[in-house]
file model38.cif (mmCIF, C-alpha atoms)
data_query
loop_
_atom_site.label_atom_id
_atom_site.label_comp_id
_atom_site.auth_asym_id
_atom_site.auth_seq_id
_atom_site.Cartn_x
_atom_site.Cartn_y
_atom_site.Cartn_z
CA MET X 28 92.43 104.67 117.23
CA LYS X 29 95.73 105.82 115.68
CA LYS X 30 93.73 107.38 112.84
CA ILE X 31 91.57 109.33 115.30
CA LEU X 32 94.62 110.51 117.23
CA PHE X 33 96.31 111.62 113.99
CA ILE X 34 93.20 113.53 112.90
CA ALA X 35 92.94 115.12 116.35
CA ILE X 36 96.54 116.31 116.29
CA LEU X 37 96.23 117.57 112.71
CA THR X 38 93.03 119.47 113.53
CA ALA X 39 94.51 120.95 116.71
CA VAL X 40 97.52 122.22 114.76
CA SER X 41 95.24 123.67 112.07
CA PHE X 42 93.13 125.33 114.75
CA LEU X 43 96.13 126.90 116.43
CA ASN X 44 97.50 128.15 113.11
CA TYR X 45 94.15 129.74 112.27
CA ALA X 46 93.79 131.20 115.76
CA CYS X 47 97.19 132.86 115.53
CA ALA X 48 96.42 134.40 112.15
CA ASN X 49 92.84 135.54 112.71
CA THR X 50 91.89 137.71 115.64
CA LYS X 51 89.02 140.00 116.55
CA ALA X 52 89.16 142.32 119.53
CA ASP X 53 85.61 143.59 120.04
CA LYS X 54 83.98 140.55 121.65
CA LYS X 55 81.80 140.78 124.74
CA PRO X 56 81.57 137.60 126.80
CA ALA X 57 78.23 135.83 126.99
CA GLN X 58 76.84 135.51 130.48
CA THR X 59 75.20 132.12 130.62
CA THR X 60 75.35 129.24 133.03
CA ASP X 61 75.69 125.65 131.95
CA LYS X 62 72.83 123.34 132.82
CA VAL X 63 74.11 120.19 134.48
CA GLY X 64 73.22 117.03 132.57
CA GLU X 65 72.02 118.84 129.45
CA VAL X 66 73.58 119.69 126.11
CA VAL X 67 74.23 123.44 126.07
CA GLN X 68 73.95 125.46 122.85
CA MET X 69 77.26 127.31 122.47
CA THR X 70 77.95 130.60 120.72
CA ASN X 71 81.28 132.05 119.63
CA ASP X 72 81.29 134.39 122.63
CA MET X 73 80.66 131.48 125.01
CA PHE X 74 83.50 129.54 123.42
CA ILE X 75 85.88 132.45 123.96
CA THR X 76 84.94 132.80 127.65
CA LYS X 77 84.42 129.14 128.59
CA VAL X 78 86.74 127.13 126.35
CA PHE X 79 89.57 129.01 124.63
CA ASP X 80 90.07 132.62 123.62
CA TYR X 81 91.48 132.06 120.16
CA THR X 82 91.58 135.83 119.60
CA LYS X 83 94.37 136.21 122.17
CA GLY X 84 96.05 132.89 122.78
CA LYS X 85 98.56 131.11 120.61
CA GLU X 86 98.83 128.01 122.76
CA TRP X 87 95.85 125.87 123.71
CA ASN X 88 94.67 126.81 127.20
CA TYR X 89 91.33 125.31 128.22
CA LEU X 90 89.36 127.72 130.42
CA GLY X 91 86.69 125.32 131.67
CA GLN X 92 86.26 123.79 135.11
CA LYS X 93 85.18 120.35 133.83
CA PRO X 94 86.25 118.34 130.79
CA ALA X 95 84.02 119.10 127.82
CA ILE X 96 82.61 117.74 124.60
CA ILE X 97 81.70 120.09 121.77
CA ASP X 98 79.43 118.73 119.04
CA PHE X 99 79.79 120.79 115.85
CA TYR X 100 76.65 120.13 113.80
CA ALA X 101 74.17 121.54 111.29
CA ASP X 102 70.39 121.06 111.28
CA TRP X 103 70.44 119.75 107.68
CA CYS X 104 73.07 117.07 108.49
CA GLY X 105 71.62 113.54 108.81
CA PRO X 106 74.57 112.05 110.74
CA CYS X 107 74.43 115.06 113.08
CA ARG X 108 70.79 114.26 113.87
CA ARG X 109 71.82 110.68 114.72
CA VAL X 110 74.56 111.90 117.08
CA ALA X 111 72.36 114.46 118.92
CA PRO X 112 70.44 111.98 121.12
CA ILE X 113 73.70 110.19 121.97
CA MET X 114 75.21 113.48 123.15
CA LYS X 115 72.08 114.12 125.23
CA ASP X 116 72.41 110.68 126.86
CA ILE X 117 76.11 111.23 127.56
CA ALA X 118 75.39 114.65 129.08
CA GLY X 119 72.95 113.00 131.46
CA GLU X 120 75.14 109.99 132.30
CA TYR X 121 78.23 112.08 133.05
CA ALA X 122 76.39 115.15 134.39
CA ASP X 123 78.65 115.69 137.39
CA GLN X 124 81.89 114.98 135.54
CA ILE X 125 81.75 116.72 132.13
CA VAL X 126 79.88 119.41 130.23
CA VAL X 127 78.49 118.85 126.72
CA TYR X 128 78.11 121.71 124.26
CA LYS X 129 76.76 121.87 120.72
CA VAL X 130 77.60 124.45 118.07
CA ASP X 131 75.42 125.11 115.03
CA THR X 132 78.04 125.67 112.34
CA ASP X 133 75.57 127.53 110.12
CA LYS X 134 75.02 130.14 112.85
CA GLU X 135 78.57 130.17 114.25
CA LYS X 136 80.66 130.29 111.07
CA GLU X 137 83.53 132.22 112.67
CA LEU X 138 83.89 129.65 115.44
CA ALA X 139 83.63 126.72 113.03
CA GLY X 140 86.34 128.33 110.91
CA ALA X 141 88.55 129.02 113.91
CA MET X 142 88.27 125.37 114.96
CA GLY X 143 88.99 124.16 111.43
CA ILE X 144 85.69 122.30 111.13
CA GLN X 145 85.48 120.79 107.65
CA SER X 146 83.31 117.73 108.25
CA LEU X 147 80.04 117.26 110.12
CA PRO X 148 79.50 116.13 112.71
CA THR X 149 82.82 116.87 114.38
CA ILE X 150 82.98 115.99 118.05
CA VAL X 151 85.77 117.63 120.07
CA PHE X 152 86.79 116.07 123.39
CA ILE X 153 88.53 118.58 125.67
CA PRO X 154 90.31 117.24 128.76
CA LEU X 155 91.23 119.57 131.62
CA LYS X 156 94.92 119.10 130.79
CA GLY X 157 96.39 118.36 127.39
CA GLN X 158 95.21 118.79 123.83
CA PRO X 159 91.68 118.29 122.49
CA GLN X 160 90.94 115.13 120.55
CA ILE X 161 88.45 114.80 117.74
CA ILE X 162 86.08 112.28 116.22
CA MET X 163 84.93 113.26 112.76
CA GLY X 164 81.67 111.75 111.59
CA ALA X 165 78.93 109.87 113.37
CA ALA X 166 79.85 107.04 115.73
CA ASP X 167 77.94 104.80 118.09
CA LYS X 168 77.36 105.51 121.76
CA ALA X 169 80.00 102.98 122.87
CA THR X 170 82.69 104.82 120.87
CA PHE X 171 81.74 108.17 122.39
CA LYS X 172 81.60 106.67 125.90
CA ASN X 173 85.06 105.14 125.44
CA ALA X 174 86.38 108.56 124.40
CA VAL X 175 84.79 110.17 127.47
CA GLU X 176 86.26 107.53 129.77
CA GLN X 177 89.76 107.59 128.28
CA VAL X 178 90.28 111.12 126.97
CA LEU X 179 88.22 113.17 129.41
CA LEU X 180 88.26 111.11 132.60
CA GLY X 181 91.66 109.45 132.15
CA LYS X 182 90.43 105.93 132.83
CA PRO X 183 92.42 103.01 131.35
CA LYS X 184 91.25 101.15 128.27
CA LYS X 185 88.87 98.28 129.03
#
call {"tool": "encode", "arguments": {"input": "model38.cif", "output": "structure tokens"}}
result
Amino acid sequence: MKKILFIAILTAVSFLNYACANTKADKKPAQTTDKVGEVVQMTNDMFITKVFDYTKGKEWNYLGQKPAIIDFYADWCGPCRRVAPIMKDIAGEYADQIVVYKVDTDKEKELAGAMGIQSLPTIVFIPLKGQPQIIMGAADKATFKNAVEQVLLGKPKK
């Protein structure tokens, strides 16, 4: 767990450094609604309007109304394909409490770069308050559920 926390902090710092150095001004926000209980395909524009506008902000400021998970994946990635059905299950199980997004890193290269994604899959857990935490690589459903319970919903360790 200490290793995951260290990686999360390191990635968050890398993300913020990148966000401060790289900005683009001509973005139009995407107008889409999240489907409750489903994994939502996220674009760069959606990220800027629903999660964090890295083109303007220097400090992490989550814009969402519910805690979120973002699954950074690629279609060619075997471990990513193993994680996808787990994310779908979690989206359904926690439908009223969290939102689950997925980002195709091959299509959203700017966003993947801004988030400092270097390994696939990378799963980002974003609580309403505090810093995002990250799991790099595939994990089992129990690991992801524990992260949802502890990081996103603030429940004590079992």
call {"tool": "resolve_selection", "arguments": {"input": "model38.cif", "expression": "the PyMOL selection byres ((chain X and resi 162) around 6)", "output": "JSON, numbers by chain"}}
result
{"X": [149, 150, 161, 163]}
call {"tool": "resolve_selection", "arguments": {"input": "model38.cif", "expression": "the PyMOL selection byres ((chain X and resi 125) around 6)", "output": "MDAnalysis selection string"}}
result
chainID X and resid 93:95 121 124 126
call {"tool": "atom_distance", "arguments": {"input": "model38.cif", "atom1": "CA of Glu86 in chain X", "atom2": "CA of Asp98 in chain X"}}
result
21.8 Å
call {"tool": "axis_aligned_box", "arguments": {"input": "model38.cif", "around": "range 180-183 of chain X", "padding_each_side": "6 Å", "output": "lines of an AutoDock Vina configuration file"}}
result
center_x = 90.3
center_y = 107.1
center_z = 132.1
size_x = 16.2
size_y = 20.1
size_z = 13.5
call {"tool": "closest_residue", "arguments": {"input": "model38.cif", "among": "X:Gln92, X:Lys168, X:Gln160, X:Ala101", "to": "Lys77 in chain X", "atoms": "only C-alpha atoms"}}
result
X:Gln92
call {"tool": "resolve_selection", "arguments": {"input": "model38.cif", "expression": "the PyMOL selection byres ((chain X and resi 167) around 12)", "output": "count of residues only"}}
result
21
call {"tool": "atom_distance", "arguments": {"input": "model38.cif", "atom1": "CA of Tyr81 in chain X", "atom2": "CA of Ser146 in chain X"}}
result
20.3 Å
call {"tool": "closest_residue", "arguments": {"input": "model38.cif", "among": "X:Val151, X:Met142, X:Val130, X:Val175", "to": "Thr70 in chain X", "atoms": "all atoms listed in the file"}}
result
X:Val130
call {"tool": "closest_residue", "arguments": {"input": "model38.cif", "among": "X:Thr132, X:Leu138, X:Gly157, X:Glu120", "to": "Glu176 in chain X", "atoms": "only C-alpha atoms"}}
result
X:Glu120
call {"tool": "closest_residue", "arguments": {"input": "model38.cif", "among": "X:Gly105, X:Pro154, X:Gly64, X:Gly91", "to": "Gly181 in chain X", "atoms": "all atoms listed in the file"}}
result
X:Pro154
call {"tool": "atom_distance", "arguments": {"input": "model38.cif", "atom1": "CA of Tyr100 in chain X", "atom2": "CA of Lys184 in chain X"}}
result
28.0 Å
call {"tool": "closest_residue", "arguments": {"input": "model38.cif", "among": "X:Pro159, X:Trp103, X:Gln177, X:Ala118", "to": "Asn88 in chain X", "atoms": "all atoms listed in the file"}}
result
X:Pro159
call {"tool": "residues_around", "arguments": {"input": "model38.cif", "residues": "Tyr89 in chain X", "least_positions_apart": "6", "cutoff": "9 Å", "atoms": "only C-alpha atoms", "output": "ChimeraX atom specification"}}
result
/X:77-80,153-158
call {"tool": "closest_residue", "arguments": {"input": "model38.cif", "among": "X:Gly119, X:Lys85, X:Asp131, X:Leu90", "to": "Met69 in chain X", "atoms": "all atoms listed in the file"}}
result
X:Asp131
call {"tool": "decode", "arguments": {"input": "model38.cif", "residues": "range 66-87 of chain X", "atoms": "C-alpha atoms", "output": "mmCIF file, in the first residue's frame"}}
result
data_model
loop_
_atom_site.group_PDB
_atom_site.id
_atom_site.type_symbol
_atom_site.label_atom_id
_atom_site.label_comp_id
_atom_site.auth_asym_id
_atom_site.auth_seq_id
_atom_site.Cartn_x
_atom_site.Cartn_y
_atom_site.Cartn_z
ATOM 1 C CA VAL X 66 -18.186 3.383 -17.821
ATOM 2 C CA VAL X 67 -18.084 6.655 -19.758
ATOM 3 C CA GLN X 68 -15.586 7.203 -22.592
ATOM 4 C CA MET X 69 -13.725 10.422 -21.753
ATOM 5 C CA THR X 70 -12.097 12.900 -24.114
ATOM 6 C CA ASN X 71 -9.587 15.624 -23.319
ATOM 7 C CA ASP X 72 -12.326 18.257 -23.473
ATOM 8 C CA MET X 73 -14.493 16.277 -21.046
ATOM 9 C CA PHE X 74 -11.557 15.949 -18.671
ATOM 10 C CA ILE X 75 -11.020 19.710 -18.702
ATOM 11 C CA THR X 76 -14.697 20.442 -17.944
ATOM 12 C CA LYS X 77 -15.514 17.552 -15.593
ATOM 13 C CA VAL X 78 -12.280 16.699 -13.793
ATOM 14 C CA PHE X 79 -9.505 19.305 -13.863
ATOM 15 C CA ASP X 80 -8.625 22.130 -16.229
ATOM 16 C CA TYR X 81 -4.897 21.562 -16.446
ATOM 17 C CA THR X 82 -4.636 24.402 -18.982
ATOM 18 C CA LYS X 83 -5.467 26.970 -16.289
ATOM 19 C CA GLY X 84 -4.911 25.507 -12.855
ATOM 20 C CA LYS X 85 -1.654 24.961 -11.054
ATOM 21 C CA GLU X 86 -3.158 23.285 -8.011
ATOM 22 C CA TRP X 87 -5.328 20.178 -8.214
#
